[in-house]
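Pasted below: my_file.cif, mmCIF, C-alpha atoms.
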```cif
data_query
loop_
_atom_site.label_atom_id
_atom_site.label_comp_id
_atom_site.auth_asym_id
_atom_site.auth_seq_id
_atom_site.Cartn_x
_atom_site.Cartn_y
_atom_site.Cartn_z
CA MET A 195 33.58 12.87 33.16
CA LEU A 196 33.37 9.92 30.77
CA PRO A 197 30.63 10.05 28.13
CA THR A 198 27.42 8.23 28.93
CA ASN A 199 26.87 5.13 26.81
CA LEU A 200 23.27 4.29 25.95
CA ILE A 201 22.08 0.70 25.74
CA LEU A 202 18.70 -0.29 24.32
CA ALA A 203 17.47 -3.40 26.14
CA SER A 204 15.36 -4.53 23.20
CA SER A 205 15.68 -6.40 19.94
CA SER A 206 12.78 -4.45 18.41
CA PRO A 207 13.82 -2.98 15.05
CA ARG A 208 11.11 -0.31 15.41
CA ARG A 209 12.47 1.04 18.70
CA ALA A 210 15.97 1.08 17.26
CA GLU A 211 14.65 2.94 14.21
CA VAL A 212 13.13 5.67 16.40
CA LEU A 213 16.44 6.24 18.19
CA ARG A 214 18.34 6.39 14.91
CA ILE A 215 15.83 8.86 13.45
CA ALA A 216 16.48 11.10 16.46
CA GLY A 217 20.25 10.92 15.98
CA ILE A 218 20.81 9.02 19.23
CA ASN A 219 23.82 6.72 19.35
CA PHE A 220 23.24 3.48 21.21
CA GLU A 221 24.09 -0.19 21.54
CA ILE A 222 21.61 -3.06 21.55
CA ARG A 223 21.41 -5.80 24.17
CA HIS A 224 18.58 -8.33 24.21
CA ALA A 225 16.81 -8.79 27.54
CA ASP A 226 15.47 -12.31 27.97
CA ILE A 227 12.65 -12.08 30.51
CA ASP A 228 9.32 -13.76 31.23
CA GLU A 229 6.70 -11.50 29.62
CA THR A 230 3.68 -13.30 31.05
CA ARG A 231 1.03 -10.87 32.25
CA HIS A 232 -0.09 -11.24 35.85
CA ALA A 233 -3.75 -12.04 36.48
CA ALA A 234 -5.89 -8.88 36.21
CA GLU A 235 -2.75 -6.73 35.86
CA PRO A 236 -3.67 -3.30 34.43
CA ALA A 237 -2.06 -2.37 31.12
CA GLY A 238 -0.02 0.46 32.62
CA ASP A 239 1.37 -1.69 35.42
CA TYR A 240 2.14 -4.47 32.98
CA VAL A 241 4.15 -2.41 30.48
CA LYS A 242 6.02 -0.53 33.21
CA ARG A 243 6.92 -3.77 34.99
CA LEU A 244 8.24 -5.39 31.83
CA ALA A 245 10.16 -2.28 30.78
CA LEU A 246 11.85 -2.12 34.17
CA GLU A 247 12.63 -5.84 34.20
CA LYS A 248 14.24 -5.55 30.77
CA ALA A 249 16.32 -2.56 31.83
CA ARG A 250 17.38 -4.18 35.12
CA THR A 251 18.36 -7.43 33.40
CA VAL A 252 20.69 -5.65 30.99
CA ALA A 253 21.97 -3.15 33.58
CA GLN A 254 23.05 -6.03 35.80
CA LYS A 255 25.02 -7.59 32.95
CA GLU A 256 26.63 -4.23 32.10
CA ALA A 257 27.35 -3.20 35.70
CA ASP A 258 31.12 -3.08 35.17
CA ARG A 259 30.84 -0.65 32.25
CA GLY A 260 30.61 2.43 34.48
CA ASN A 261 28.68 5.42 33.11
CA VAL A 262 25.80 3.74 31.24
CA ILE A 263 22.08 4.39 30.78
CA VAL A 264 20.00 1.33 29.92
CA ILE A 265 16.65 1.87 28.18
CA GLY A 266 13.86 -0.69 28.49
CA ALA A 267 10.42 -0.47 26.88
CA ASP A 268 7.29 -2.53 26.41
CA THR A 269 4.10 -1.77 24.47
CA VAL A 270 0.53 -3.07 24.35
CA VAL A 271 -2.66 -2.03 22.60
CA VAL A 272 -5.78 -1.54 24.72
CA ASN A 273 -9.16 -1.73 22.99
CA ARG A 274 -12.32 -1.27 25.07
CA GLY A 275 -10.51 -2.59 28.11
CA ASP A 276 -9.00 -5.60 26.34
CA ILE A 277 -5.20 -5.82 26.24
CA LEU A 278 -3.94 -6.89 22.82
CA LEU A 279 -0.46 -8.38 22.65
CA LYS A 280 1.22 -9.86 19.56
CA PRO A 281 -1.09 -12.24 17.68
CA ASP A 282 -0.10 -15.90 17.81
CA SER A 283 -1.98 -17.01 14.68
CA PRO A 284 -3.78 -15.62 11.63
CA GLY A 285 -7.06 -16.14 13.44
CA ASP A 286 -5.82 -14.16 16.42
CA ALA A 287 -4.65 -11.34 14.15
CA ARG A 288 -8.02 -11.34 12.39
CA ARG A 289 -9.82 -11.11 15.75
CA MET A 290 -7.70 -8.12 16.79
CA LEU A 291 -8.06 -6.23 13.53
CA ARG A 292 -11.81 -6.75 13.47
CA ALA A 293 -11.98 -5.39 17.01
CA LEU A 294 -9.92 -2.31 16.09
CA SER A 295 -11.82 -1.62 12.85
CA GLY A 296 -13.75 1.65 12.87
CA GLY A 297 -12.93 2.52 16.47
CA VAL A 298 -10.46 4.26 18.76
CA HIS A 299 -7.91 2.34 20.82
CA GLU A 300 -5.00 3.24 23.06
CA VAL A 301 -1.33 2.33 22.79
CA HIS A 302 0.40 2.05 26.18
CA THR A 303 4.19 2.02 26.42
CA GLY A 304 6.18 1.56 29.58
CA LEU A 305 9.60 3.22 29.45
CA ALA A 306 12.31 2.50 32.02
CA LEU A 307 15.78 4.04 32.25
CA ILE A 308 18.53 2.95 34.64
CA HIS A 309 21.69 5.02 35.08
CA THR A 310 24.62 2.99 36.36
CA PRO A 311 26.68 2.70 38.44
CA GLU A 312 24.39 4.77 40.72
CA LYS A 313 21.38 2.59 39.75
CA ILE A 314 19.12 5.63 39.38
CA GLU A 315 15.80 4.44 37.94
CA ARG A 316 13.06 6.28 36.07
CA VAL A 317 9.85 4.53 34.97
CA ILE A 318 7.04 6.22 33.03
CA GLU A 319 3.98 5.33 30.96
CA GLU A 320 2.96 7.03 27.73
CA ILE A 321 -0.52 6.65 26.21
CA THR A 322 -1.50 7.50 22.63
CA SER A 323 -5.02 7.30 21.17
CA VAL A 324 -5.35 5.90 17.65
CA ARG A 325 -8.43 5.97 15.41
CA PHE A 326 -8.71 3.12 12.92
CA ALA A 327 -10.58 3.09 9.62
CA SER A 328 -13.35 0.58 9.06
CA LEU A 329 -11.84 -2.50 7.43
CA SER A 330 -13.57 -5.09 5.29
CA ASP A 331 -12.83 -8.77 5.82
CA ALA A 332 -11.02 -8.78 2.48
CA GLU A 333 -8.75 -5.92 3.61
CA ILE A 334 -8.02 -7.67 6.89
CA ASP A 335 -7.18 -10.94 5.14
CA ALA A 336 -4.94 -9.17 2.61
CA TYR A 337 -3.07 -7.39 5.41
CA ILE A 338 -2.61 -10.61 7.36
CA ALA A 339 -1.26 -12.27 4.21
CA THR A 340 1.63 -9.76 4.16
CA GLY A 341 2.88 -11.22 7.45
CA GLU A 342 3.27 -7.77 9.00
CA PRO A 343 0.84 -8.17 11.92
CA PHE A 344 2.57 -11.07 13.64
CA ASP A 345 5.36 -9.36 15.58
CA LYS A 346 3.37 -6.28 16.59
CA ALA A 347 1.09 -5.58 19.54
CA GLY A 348 -2.45 -5.14 18.27
CA ALA A 349 -1.55 -6.82 14.96
CA TYR A 350 -0.55 -3.70 13.01
CA GLY A 351 2.43 -1.43 12.38
CA ILE A 352 1.73 2.28 12.01
CA GLN A 353 5.11 2.97 10.40
CA SER A 354 4.53 0.60 7.47
CA LEU A 355 1.57 -1.03 5.72
CA GLY A 356 -0.69 -0.73 8.75
CA GLY A 357 -0.39 3.04 8.60
CA ARG A 358 -2.91 2.98 5.74
CA TYR A 359 -5.64 2.24 8.26
CA VAL A 360 -4.79 4.91 10.86
CA THR A 361 -6.99 7.98 10.36
CA ARG A 362 -6.03 9.96 13.47
CA VAL A 363 -3.42 9.96 16.23
CA GLU A 364 -3.75 11.89 19.48
CA GLY A 365 -0.51 11.95 21.43
CA CYS A 366 2.99 10.79 20.59
CA TYR A 367 3.22 9.14 17.17
CA PHE A 368 6.49 7.41 18.06
CA ASN A 369 4.81 5.86 21.07
CA VAL A 370 2.73 3.78 18.66
CA MET A 371 6.05 2.44 17.33
CA GLY A 372 6.98 1.48 20.89
CA MET A 373 9.28 4.35 21.85
CA PRO A 374 7.85 7.65 23.21
CA LEU A 375 10.65 9.79 21.85
CA ALA A 376 9.95 13.13 23.54
CA ARG A 377 9.58 11.51 26.97
CA LEU A 378 12.76 9.54 26.38
CA TRP A 379 14.69 12.67 25.38
CA THR A 380 13.50 14.59 28.45
CA THR A 381 14.30 11.73 30.81
CA LEU A 382 17.76 11.22 29.32
CA LYS A 383 18.55 14.88 29.96
CA GLU A 384 17.24 14.59 33.53
CA LEU A 385 19.74 11.77 34.06
CA GLY A 386 22.60 13.94 32.84
CA TRP A 387 22.96 12.58 29.33
CA SER A 388 23.96 14.91 26.51
CA ALA A 389 23.69 14.24 22.79
CA ASN A 390 27.00 16.07 22.37
CA SER A 391 28.82 13.63 24.63
CA ARG A 392 28.80 10.84 22.04
#
```
With the file now loaded, output its structure as structure tokens.
Amino acid sequence: MLPTNLILASSSPRRAEVLRIAGINFEIRHADIDETRHAAEPAGDYVKRLALEKARTVAQKEADRGNVIVIGADTVVVNRGDILLKPDSPGDARRMLRALSGGVHEVHTGLALIHTPEKIERVIEEITSVRFASLSDAEIDAYIATGEPFDKAGAYGIQSLGGRYVTRVEGCYFNVMGMPLARLWTTLKELGWSANSR
């Protein structure tokens, strides 16, 4: 049987970093989809829907490749019921960081895998709880000035400067980076993938 090629349907450097850390060989294909949240759509439904749409979009384009597994993912931060996406301005980032300061929030990631040509689909949600330190306005402004918050859900990155403010993580650390690694590994094996085949 031909080896299974893995394709990451994401341009996120953080998700790619997680796969490389784990020694997983993969290709990258960007999935251009509408990421607008539906009215009153729960966080779990939202991230699972987007992850699956990303994976399906790329799987359709790669349908003639044969034995391929496409990986799609999407992540949001949920704080006291509010869904925090990527901030669209310094003021928006400031609002998010003030809301997270001194409290506990959840990171929700939807993970979708599609094995072609059989079109076998797996869709899961992973949730990690994160406790944040109390931040002064000066600390928040200094962090925003680095530019780091602007391409990250919830306006922080745990794997870089934002990690200074994370005091506790309950659940999968890599999920906070947007890729629940253990769940991915298990699901890949369920779909017949082997690390030794690449």
Practice item. Considering only C-alpha atoms, state which residue in the set A:Gly351, A:Pro343, A:Pro311, A:Gly372 is at the smallest distance from Ala210 in chain A. Key: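 Result for the nearest residue to Ala210 in chain A: A:Gly372.
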Exercise for review: Determine the nearest neighbour of Gln254 in chain A from the options A:Asp276, A:Glu312, A:Asp239, A:Asp268, counting only C-alpha atoms.
Suggested key: A:Glu312
Exercise for review: Work out how far CA of Ile215 in chain A is from CA of Thr380 in chain A, in Å to one decimal.
Suggested key: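 Rounded to one decimal, the two atoms are 16.2 Å apart.
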**Study point:** d(CA of Ser204 in chain A, CA of Gly238 in chain A) in Å
**Key:** 18.7 Å
Check your understanding: Within 7 Å of range 318-335 of chain A, counting all atoms listed in the file, which residues qualify if same-chain residues fewer than 3 places away don't, as a PyMOL selection string?
Key -> chain A and resi 238+242+288+291+294-306+338-339+359-366+369-370+374
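CA of Thr198 in chain A lies 18.2 Å from CA of Arg377 in chain A.
Using all atoms listed in the file, the smallest distance between any of A:Arg292, A:Arg250, A:Arg223, A:Arg259 and Asn273 in chain A comes from A:Arg292.
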Starting from the structure just given, write a file holding range 312-344 of chain A with C-alpha atoms, as a PDB file, in the first residue's frame.
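This went into result.pdb:
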```
ATOM      1  CA  GLU A 312     -12.584   6.948   0.802  1.00  0.00           C
ATOM      2  CA  LYS A 313     -13.635  10.361   2.224  1.00  0.00           C
ATOM      3  CA  ILE A 314     -13.608   9.033   5.793  1.00  0.00           C
ATOM      4  CA  GLU A 315     -14.160  11.986   8.131  1.00  0.00           C
ATOM      5  CA  ARG A 316     -13.350  12.478  11.805  1.00  0.00           C
ATOM      6  CA  VAL A 317     -14.273  15.680  13.658  1.00  0.00           C
ATOM      7  CA  ILE A 318     -13.468  16.346  17.321  1.00  0.00           C
ATOM      8  CA  GLU A 319     -13.284  19.229  19.788  1.00  0.00           C
ATOM      9  CA  GLU A 320     -10.569  19.719  22.380  1.00  0.00           C
ATOM     10  CA  ILE A 321     -10.918  22.133  25.318  1.00  0.00           C
ATOM     11  CA  THR A 322      -8.085  23.427  27.506  1.00  0.00           C
ATOM     12  CA  SER A 323      -8.463  25.684  30.556  1.00  0.00           C
ATOM     13  CA  VAL A 324      -5.927  28.483  30.959  1.00  0.00           C
ATOM     14  CA  ARG A 325      -5.373  30.689  34.016  1.00  0.00           C
ATOM     15  CA  PHE A 326      -4.039  34.168  33.313  1.00  0.00           C
ATOM     16  CA  ALA A 327      -2.052  36.414  35.634  1.00  0.00           C
ATOM     17  CA  SER A 328      -3.429  39.814  36.581  1.00  0.00           C
ATOM     18  CA  LEU A 329      -2.077  42.358  34.104  1.00  0.00           C
ATOM     19  CA  SER A 330      -1.637  46.078  34.597  1.00  0.00           C
ATOM     20  CA  ASP A 331      -2.648  48.477  31.834  1.00  0.00           C
ATOM     21  CA  ALA A 332       1.045  49.198  31.273  1.00  0.00           C
ATOM     22  CA  GLU A 333       1.785  45.484  30.771  1.00  0.00           C
ATOM     23  CA  ILE A 334      -1.123  45.141  28.363  1.00  0.00           C
ATOM     24  CA  ASP A 335      -0.020  48.167  26.344  1.00  0.00           C
ATOM     25  CA  ALA A 336       3.586  46.938  26.218  1.00  0.00           C
ATOM     26  CA  TYR A 337       2.452  43.518  24.996  1.00  0.00           C
ATOM     27  CA  ILE A 338       0.212  45.038  22.330  1.00  0.00           C
ATOM     28  CA  ALA A 339       3.137  47.185  21.172  1.00  0.00           C
ATOM     29  CA  THR A 340       5.079  44.005  20.292  1.00  0.00           C
ATOM     30  CA  GLY A 341       2.471  43.207  17.632  1.00  0.00           C
ATOM     31  CA  GLU A 342       2.143  39.616  18.830  1.00  0.00           C
ATOM     32  CA  PRO A 343      -1.570  39.659  19.771  1.00  0.00           C
ATOM     33  CA  PHE A 344      -2.950  40.500  16.342  1.00  0.00           C
TER      34      PHE A 344
END
```
